[in-house]
Amino acid sequence: MNSIPLSQQARPAAPAGQASYLDGLNPEQRAAVEALDGPVLVLAGAGTGKTRVLTTRLAHILATGRARPWEILSVTFTNKAAREMKERVGRLIGQGVEGLPWLGTFHSIAAQILRRHAELVELKSSYTILDTDDQLRLMKQIIQAEGIDEKRWTPRFLGSLIDGWKNRGWTPDRVPEDQKWIFAEGAGQKLYEIYQARLQVLNACDFGDLLLHNLTIFQNHPDVLREYHRKFRYLLVDEYQDTNVAQYLWLRLLAQGSHNICCVGDDDQSIYGWRGAEVDNILKFEKDFPGAKVIRLERNYRSTGHILGAAAGLIAANRARLGKTLWTEDDPGEKVQVKGIWDGEAEARYVGDEIERWVKDGRKHSDIAVLVRASWQMRAFEDRFLTLGLPYKVVGGPRFFERAEIRDAHAYFRLVRSSDDDLAFERIVNVPKRGVGETSVQKLAQVARGAGISMAEAARMLVETDEIRGPARTGLKVFLRDLDRWAQMAETMRHDELAEIVLDESGYTAMWREDKTPQAAGRLDNLKELVRAMGEYDSLEAYLEHVALVSDLDTASDGDEVSLMTLHAAKGLEFPLVFLPGWEETVFPSQRALDEGGTASLEEERRLAYVGITRARERAVITFTANRMIFGRWQSVLPSRFVDELPADHADASSETGYYDSGPGFEGFGEPANPMASSYSSPGWRRYQAATNEGRKGSPPVIEGKAKLIDSAESSSKWRAGDRVFHDKFGYGTVRRADGAKLTVAFDKAGEKKVVDSFVRELP
DNA sequence: AGAAAGTAACTTTTT
DNA sequence: GTTACTTTCT
C-alpha cells in the first residue's frame with residue numbers, strides 16, 4: 001500500500017509565498033491552507049471554495065515536507081468527493097496520487113483499518129460487508145426466531161434502530177436503559193445482541209459496524225491506536241457537519257496523536273440528521289478541540305447577490321447555527337423568482353417551457369437543474385420532458401449495485417467463493433426457480449441452525465435423506481453440483497470469465513431472457529455491464545470489497561442534459577439555472593419532518609431549502625402549487641412556509657402571466673403578513689385560484705365534493721371563528737380563524753391545523 | 001410449489 | 001400511483 005518510489009516522496013519545501021498553488025486564494029482561504037498546526041475548523045459557506053481549500057491544504061502539507069503522502073488521513077463522506085479530491089490534489093502537485101492511501105470515505109478507511117485488526121473483534125480479515133438488503137433479511141429471521149410479531153415490529157424498524165445505536169457509538173452492552181424499550185417491549189437490546197452474534201458467525205459486518213469496530217479496537221487496544229497516532233501526522237475532514245457520533249469519536253481518538261486535525265464544513269448545510277449526523281459536532285468543535293482556530297470563508301464565488309440574499313434571509317430563521325454572512329462582488333443579478341401554479345402537471349409544463357426558453361436563448365441544457373425534495377416528485381418532470389423531447393438525466397436515481405439482478409449475481413459469486421455464505425445461499429437457491437420453495441428453505445435453515453453448519457452443508461446432508469423429496473431434492477442436487485463445479489473452475493479461471501459462466505449455467509440470464517416485462521432487457525444489459533466492470537479488478541475479492549462500499553458505477557455520459565435530482569443529491573453541485581418545484585407544506589417541509597422531528601427537523605428542512613437556492617449561479621426559480629397528487633389522491637396544498645420566509649428584497653413574486661401572486665409575503669395564513677414583504681401583500685390567493693382554474697380544464701378532477709376550490713373560495717364567509725366542524729381526517733374541531741377558504745381549526749384530537757374549507761363540513 | 005389476485009403501506013435522503 | 005406483501009386458488 002505504501003509503495004511509492006522514493007523519488008516521489010516529499011518534495012523539497014518550496015519557499016512559502018512563492019508556491020504557485022497559493023496564487024489566487026483570498027486571505028481567508030489562504031489562512032485556512034496555511035494554518036497547519038493544531039486543530040482548525042474551517043466554516044465554509046456555500047460556494048466559498050471549500051474543496052479548493054481542502055485540496056490546496058493537502059498539497060501544501062506535502063510541498064512543505066510536513067508529511068509524506070501516507071501520513072495524511074483525509075476523510076470524505078462520499079466516494080465522489082474522495083475521487084474529486086484525488087483528482088484535484090493530483091493536478092496541484094502534478095503527479096499521481098496513488099501515494100495517498102488514506103484518502104477515502106469514512107467507511108472505506110474504517111474498512112481498511114478493520115481488515116488489519118479484524119481478529120481483535122472476533123472477525124476474520126476476510127469479512128464481508130453486508131448491504132442493507134442482507135441486513136434486513138437477517139433482522140427478519142431474528143425477529144421471527146424470537147417469536148415477535150413482525151407486523152407490529154418490522155425488521156425495517158429494528159434495522160434503523162440498531163443503525164441509530166451504532167451511529168451513536170453504542171455496542172449492545174452500552175445501549176442506555178431507556179432506549180431498550182423502544183422495540184418490542186424491551187427486546188431491542190437483546191435483538192441487537194443476537195444480530196451481532198449472527199454477524200460474527202457469518203463473518204460479516206454492516207456499514208455501522210465498520211466504524212463501531214474501529215472504536216472498539218482503539219478503545220481496547222491502546223497500542224493499536226498509538227500505531228495510528230504515529231502514522232497520521234495530519235487529519236483532514238470534509239463535510240464535518242455530516243458526521244455522526246461514531247465518526248466524531250473516531251476522529252477524536254485519532255486526533256489525539258498529532259492534534260493536527262482540520263475539519264471543513266458548513267452548519268447551514270447539514271442535511272443528514274435523519275441518518276445520525278449531529279450538527280452539534282460542528283457547533284461544539286471549539287470545545288472538543290481546545291485551542292482550535294476557527295476560520296470563516298464567507299466570500300462566495302458562485303451566486304449572484306440576490307440569490308445569496310434570498311438564501312440568507314431564509315436560513316436566518318434557523319436558531320441553531322454558528323452564523324455566517326455570505327457576500328459577493330458579483331452583480332445582484334435577477335431576483336429569485338417565486339411562482340404559484342395550479343397543480344403538479346402545470347408546474348412541470350411551466351418548468352419545461354422555461355427550459356425551452358433558456359435554451360432558445362443560446363444556453364445549454366446542462367446549465368439547468370431541477371431539484372426536488374423527494375424522488376416521487378421527479379416523475380411529473382420526466383413525463384413532461386419526454387413529451388417535449390428535452391434531454392435530461394436523473395442524478396443519483398436507482399443505484400446500480402442495489403438493483404435486484406446485480407445483487408442476485410453477487411450472491412452467486414459470493415456463494416462460489418465461500419459456500420457457507422448463508423445469506424447469499426438463501427437469496428438465490430431458488431432464483432431461477434429450482435423447485436426449492438419456502439418450506440424446503442425453512443427446513444434447511446432449521447437443520448443448519450441446529451447442527452451449527454451452513455445451509456449449503458445442510459442441503460448436502462438432506463438431499464441424501466428423505467427429509468426433502470420431489471422437485472426440491474433434484475433441484476438442490478443440481479444446484480450443489482453446479483456450485484462445486486464453479487468453485488473448482490474458480491481456481492484457474494479469470495474471475496470475470498467465471499462470472500459469465502456462472503450466470504449462464506445457473507440459468508440466471510436465461511431467466512431474464514424469457515421474462516417479457518419491459519425491464520428485462522435493461523437487466524440483461526446491467527449484467528453485461530457487471531461482468532465488464534469486474535474485469536477492471538484483479539480478483540473477485542477486490543471487486544466485492546469495492547462494490548460493498550460504493551453505490552454507483554461511474555456514469556460517464558456528460559451530454560447536454562438537464563439534471564433532475566433530489567436536493568440531497570445536489571449538495572456540492574452548482575448550476576446557472578436552478579428550478580425548485582414543490583415548495584408546499586407537507587411536501588417541503590415534508591410531512592415527516594413536520595410530524596416527527598420537531599424544531600430540529602424543521603430547521604433541517606430549511607437548510608435543505610438553503611442548499612437548494614445556493615446551488616444556483618445566475619437564476620433560481622421556486623414554484624409551488626395549489627393542488628397536488630399525493631399518495632394517489634388529489635390534495636389541496638398550501639405554499640411552504642419557506643416561501644413566506646424569503647425576503648422580498650431578493651425574491652420576486654410578480655409574474656408575467658395573469659396568474660397572480662403569492663410568494664414572498666403571501667399572506668401567510670391568519671398570521672400578520674411579513675412586514676418586510678408588504679409590497680406583496682394582496683388578496684392574491686383567491687384571485688390566483690380563480691384565475692388558474694379558469695385556464696385549466698379537467699385536472700385535477702373534482703372528486704366527491706373535494707377540491708372544489710373555486711366554490712369554497714367564493715363562498716368565503718361560510719365559516720366563522722367558533723364554528724364546530726368535522727374533518728374526514730382530523731375529526732371534530734373548532735374554527736379559530738377563517739380567512740376566505742383557509743381555515744385555522746383547533747381539532748379536538750389532532751390539534752391546530754390549517755385546512756381549506758372544502759375539506760370540512762358541518763357536524764353530522 | 002407456484003401463479004393470480006387482492007391488500008396494505010408507502011415514498012425522503014446514503015455509506 | 002406504485003410496489004411489496006399476503007391470501008387464495010390451481
# chains A, B, ... in the order shown; residues from 1 in each chain; ligands from 1
>>> interface_residues(of="chain A", to="chain B", cutoff="9 Å", atoms="only C-alpha atoms (C1' of nucleotides)", output="MDAnalysis selection string")
chainID A and resid 77:79 105:108 207:208 271:272 274:275 373:376 435:438 549:551 566:569 590 592 631
>>> interface_residues(of="chain C", to="chain A", cutoff="12 Å", atoms="only C-alpha atoms (C1' of nucleotides)", output="list in words")
DG1, DT2, DC5 and DT6 of chain C
>>> write_last_selection(atoms="C-alpha atoms (C1' of nucleotides)", output="short mmCIF file (atom, residue, chain, number, x, y, z; two decimals), in the first residue's frame")
data_model
loop_
_atom_site.label_atom_id
_atom_site.label_comp_id
_atom_site.auth_asym_id
_atom_site.auth_seq_id
_atom_site.Cartn_x
_atom_site.Cartn_y
_atom_site.Cartn_z
"C1'" DG C 1 -49.93 5.62 -8.30
"C1'" DT C 2 -46.94 2.10 -7.16
"C1'" DC C 5 -46.59 -8.48 0.51
"C1'" DT C 6 -50.46 -11.74 1.75
#
>>> select_by_dssp(residues="range 519-673 of chain A", states="strand (DSSP E or B)", output="NGL selection string")
:A and (562-566 or 575-580 or 584 or 586-587 or 590 or 616-630 or 633-636 or 639 or 651-652)
>>> write_last_selection(atoms="C-alpha atoms", output="mmCIF file, in the first residue's frame")
data_model
loop_
_atom_site.group_PDB
_atom_site.id
_atom_site.type_symbol
_atom_site.label_atom_id
_atom_site.label_comp_id
_atom_site.auth_asym_id
_atom_site.auth_seq_id
_atom_site.Cartn_x
_atom_site.Cartn_y
_atom_site.Cartn_z
ATOM 1 C CA VAL A 562 -30.965 18.834 -17.797
ATOM 2 C CA SER A 563 -30.182 17.351 -14.392
ATOM 3 C CA LEU A 564 -33.074 16.077 -12.351
ATOM 4 C CA MET A 565 -32.304 15.147 -8.776
ATOM 5 C CA THR A 566 -33.185 15.404 -5.122
ATOM 6 C CA PHE A 575 -25.855 25.254 -11.983
ATOM 7 C CA PRO A 576 -26.500 28.562 -13.705
ATOM 8 C CA LEU A 577 -30.242 27.938 -13.600
ATOM 9 C CA VAL A 578 -31.974 26.025 -10.842
ATOM 10 C CA PHE A 579 -35.651 25.116 -10.544
ATOM 11 C CA LEU A 580 -37.015 24.397 -7.105
ATOM 12 C CA GLU A 584 -45.641 23.345 -0.401
ATOM 13 C CA THR A 586 -46.283 18.679 3.652
ATOM 14 C CA VAL A 587 -44.115 18.303 0.581
ATOM 15 C CA SER A 590 -42.046 17.160 4.299
ATOM 16 C CA ALA A 616 -27.907 28.487 -8.414
ATOM 17 C CA ARG A 617 -25.357 30.735 -10.017
ATOM 18 C CA GLU A 618 -27.498 33.097 -12.061
ATOM 19 C CA ARG A 619 -31.104 32.282 -11.650
ATOM 20 C CA ALA A 620 -33.322 30.422 -9.226
ATOM 21 C CA VAL A 621 -36.975 29.689 -9.783
ATOM 22 C CA ILE A 622 -39.139 28.464 -6.935
ATOM 23 C CA THR A 623 -42.607 27.128 -7.641
ATOM 24 C CA PHE A 624 -45.474 25.879 -5.530
ATOM 25 C CA THR A 625 -48.841 24.514 -6.470
ATOM 26 C CA ALA A 626 -52.363 24.714 -5.116
ATOM 27 C CA ASN A 627 -53.160 21.087 -5.753
ATOM 28 C CA ARG A 628 -51.007 18.034 -5.761
ATOM 29 C CA MET A 629 -51.461 14.339 -6.201
ATOM 30 C CA ILE A 630 -50.093 12.748 -3.066
ATOM 31 C CA ARG A 633 -55.091 11.356 -4.128
ATOM 32 C CA TRP A 634 -55.585 14.929 -5.113
ATOM 33 C CA GLN A 635 -54.927 17.193 -2.238
ATOM 34 C CA SER A 636 -55.181 20.866 -1.934
ATOM 35 C CA PRO A 639 -47.472 27.225 -0.042
ATOM 36 C CA ALA A 651 -37.338 37.380 -4.260
ATOM 37 C CA ASP A 652 -39.823 38.403 -6.841
#
>>> residues_around(residues="Ala246 in chain A", least_positions_apart="4", cutoff="9 Å", atoms="only C-alpha atoms (C1' of nucleotides)", output="PyMOL selection string")
chain A and resi 166-170+208+211-212+215+250-251
>>> select_by_dssp(residues="range 530-648 of chain A", states="helix (DSSP H, G or I)", output="JSON, numbers by chain")
{"A": [530, 531, 532, 533, 534, 540, 541, 542, 543, 544, 545, 546, 547, 548, 549, 567, 568, 569, 570, 591, 592, 593, 594, 595, 598, 599, 600, 601, 602, 603, 604, 605, 606, 607, 608, 609, 610, 611, 612, 613, 641, 642, 643, 644, 645]}
>>> write_last_selection(atoms="C-alpha atoms", output="PDB file, in the first residue's frame")
ATOM      1  CA  LEU A 530     -21.414  -6.017 -14.343  1.00  0.00           C
ATOM      2  CA  VAL A 531     -19.141  -8.574 -15.946  1.00  0.00           C
ATOM      3  CA  ARG A 532     -17.318  -5.805 -17.740  1.00  0.00           C
ATOM      4  CA  ALA A 533     -16.819  -3.867 -14.523  1.00  0.00           C
ATOM      5  CA  MET A 534     -15.495  -6.965 -12.784  1.00  0.00           C
ATOM      6  CA  LEU A 540     -13.221 -11.392  -7.151  1.00  0.00           C
ATOM      7  CA  GLU A 541     -12.332 -10.310  -3.612  1.00  0.00           C
ATOM      8  CA  ALA A 542     -11.072  -6.939  -4.734  1.00  0.00           C
ATOM      9  CA  TYR A 543     -14.201  -6.434  -6.758  1.00  0.00           C
ATOM     10  CA  LEU A 544     -16.608  -7.393  -3.985  1.00  0.00           C
ATOM     11  CA  GLU A 545     -14.804  -5.205  -1.485  1.00  0.00           C
ATOM     12  CA  HIS A 546     -15.155  -2.308  -3.825  1.00  0.00           C
ATOM     13  CA  VAL A 547     -18.815  -2.687  -4.599  1.00  0.00           C
ATOM     14  CA  ALA A 548     -19.714  -3.086  -0.964  1.00  0.00           C
ATOM     15  CA  LEU A 549     -18.578   0.441  -0.286  1.00  0.00           C
ATOM     16  CA  LEU A 567     -31.957  18.296  -3.038  1.00  0.00           C
ATOM     17  CA  HIS A 568     -29.757  15.907  -1.088  1.00  0.00           C
ATOM     18  CA  ALA A 569     -28.082  14.709  -4.241  1.00  0.00           C
ATOM     19  CA  ALA A 570     -27.454  18.298  -5.290  1.00  0.00           C
ATOM     20  CA  GLN A 591     -44.905  15.807   6.322  1.00  0.00           C
ATOM     21  CA  ARG A 592     -42.496  13.542   8.070  1.00  0.00           C
ATOM     22  CA  ALA A 593     -40.288  16.340   9.261  1.00  0.00           C
ATOM     23  CA  LEU A 594     -43.365  18.197  10.389  1.00  0.00           C
ATOM     24  CA  ASP A 595     -44.730  15.212  12.307  1.00  0.00           C
ATOM     25  CA  GLY A 598     -39.945  18.985  15.920  1.00  0.00           C
ATOM     26  CA  THR A 599     -37.931  22.144  15.504  1.00  0.00           C
ATOM     27  CA  ALA A 600     -34.702  20.349  14.794  1.00  0.00           C
ATOM     28  CA  SER A 601     -36.013  18.605  11.763  1.00  0.00           C
ATOM     29  CA  LEU A 602     -37.883  21.650  10.544  1.00  0.00           C
ATOM     30  CA  GLU A 603     -34.588  23.500  10.675  1.00  0.00           C
ATOM     31  CA  GLU A 604     -33.015  20.716   8.711  1.00  0.00           C
ATOM     32  CA  GLU A 605     -35.679  21.119   6.055  1.00  0.00           C
ATOM     33  CA  ARG A 606     -34.883  24.792   5.981  1.00  0.00           C
ATOM     34  CA  ARG A 607     -31.215  24.026   5.486  1.00  0.00           C
ATOM     35  CA  LEU A 608     -32.249  21.809   2.615  1.00  0.00           C
ATOM     36  CA  ALA A 609     -34.048  24.772   1.101  1.00  0.00           C
ATOM     37  CA  TYR A 610     -30.931  26.830   1.666  1.00  0.00           C
ATOM     38  CA  VAL A 611     -28.805  24.224  -0.068  1.00  0.00           C
ATOM     39  CA  GLY A 612     -31.249  24.282  -2.969  1.00  0.00           C
ATOM     40  CA  ILE A 613     -31.153  28.028  -3.514  1.00  0.00           C
ATOM     41  CA  ARG A 641     -43.628  28.452   4.985  1.00  0.00           C
ATOM     42  CA  PHE A 642     -40.237  28.773   3.341  1.00  0.00           C
ATOM     43  CA  VAL A 643     -41.900  30.796   0.609  1.00  0.00           C
ATOM     44  CA  ASP A 644     -43.050  33.263   3.225  1.00  0.00           C
ATOM     45  CA  GLU A 645     -39.604  33.444   4.679  1.00  0.00           C
TER      46      GLU A 645
END
>>> residues_around(residues="Gly507 in chain A", least_positions_apart="3", cutoff="10 Å", atoms="only C-alpha atoms (C1' of nucleotides)", output="VMD selection string")
chain A and resid 431 to 434 501 to 504 510 to 513
>>> atom_distance(atom1="CA of Met493 in chain A", atom2="CA of Gly522 in chain A")
27.5 Å
>>> residues_around(residues="Val33 in chain A", least_positions_apart="2", cutoff="9 Å", atoms="only C-alpha atoms (C1' of nucleotides)", output="list in words")
Leu22, Glu28, Gln29, Arg30, Ala31, Ala35, Leu36, Val53, Leu54, Thr55, Thr56, Arg57, Leu58, His60 and Ile61 of chain A
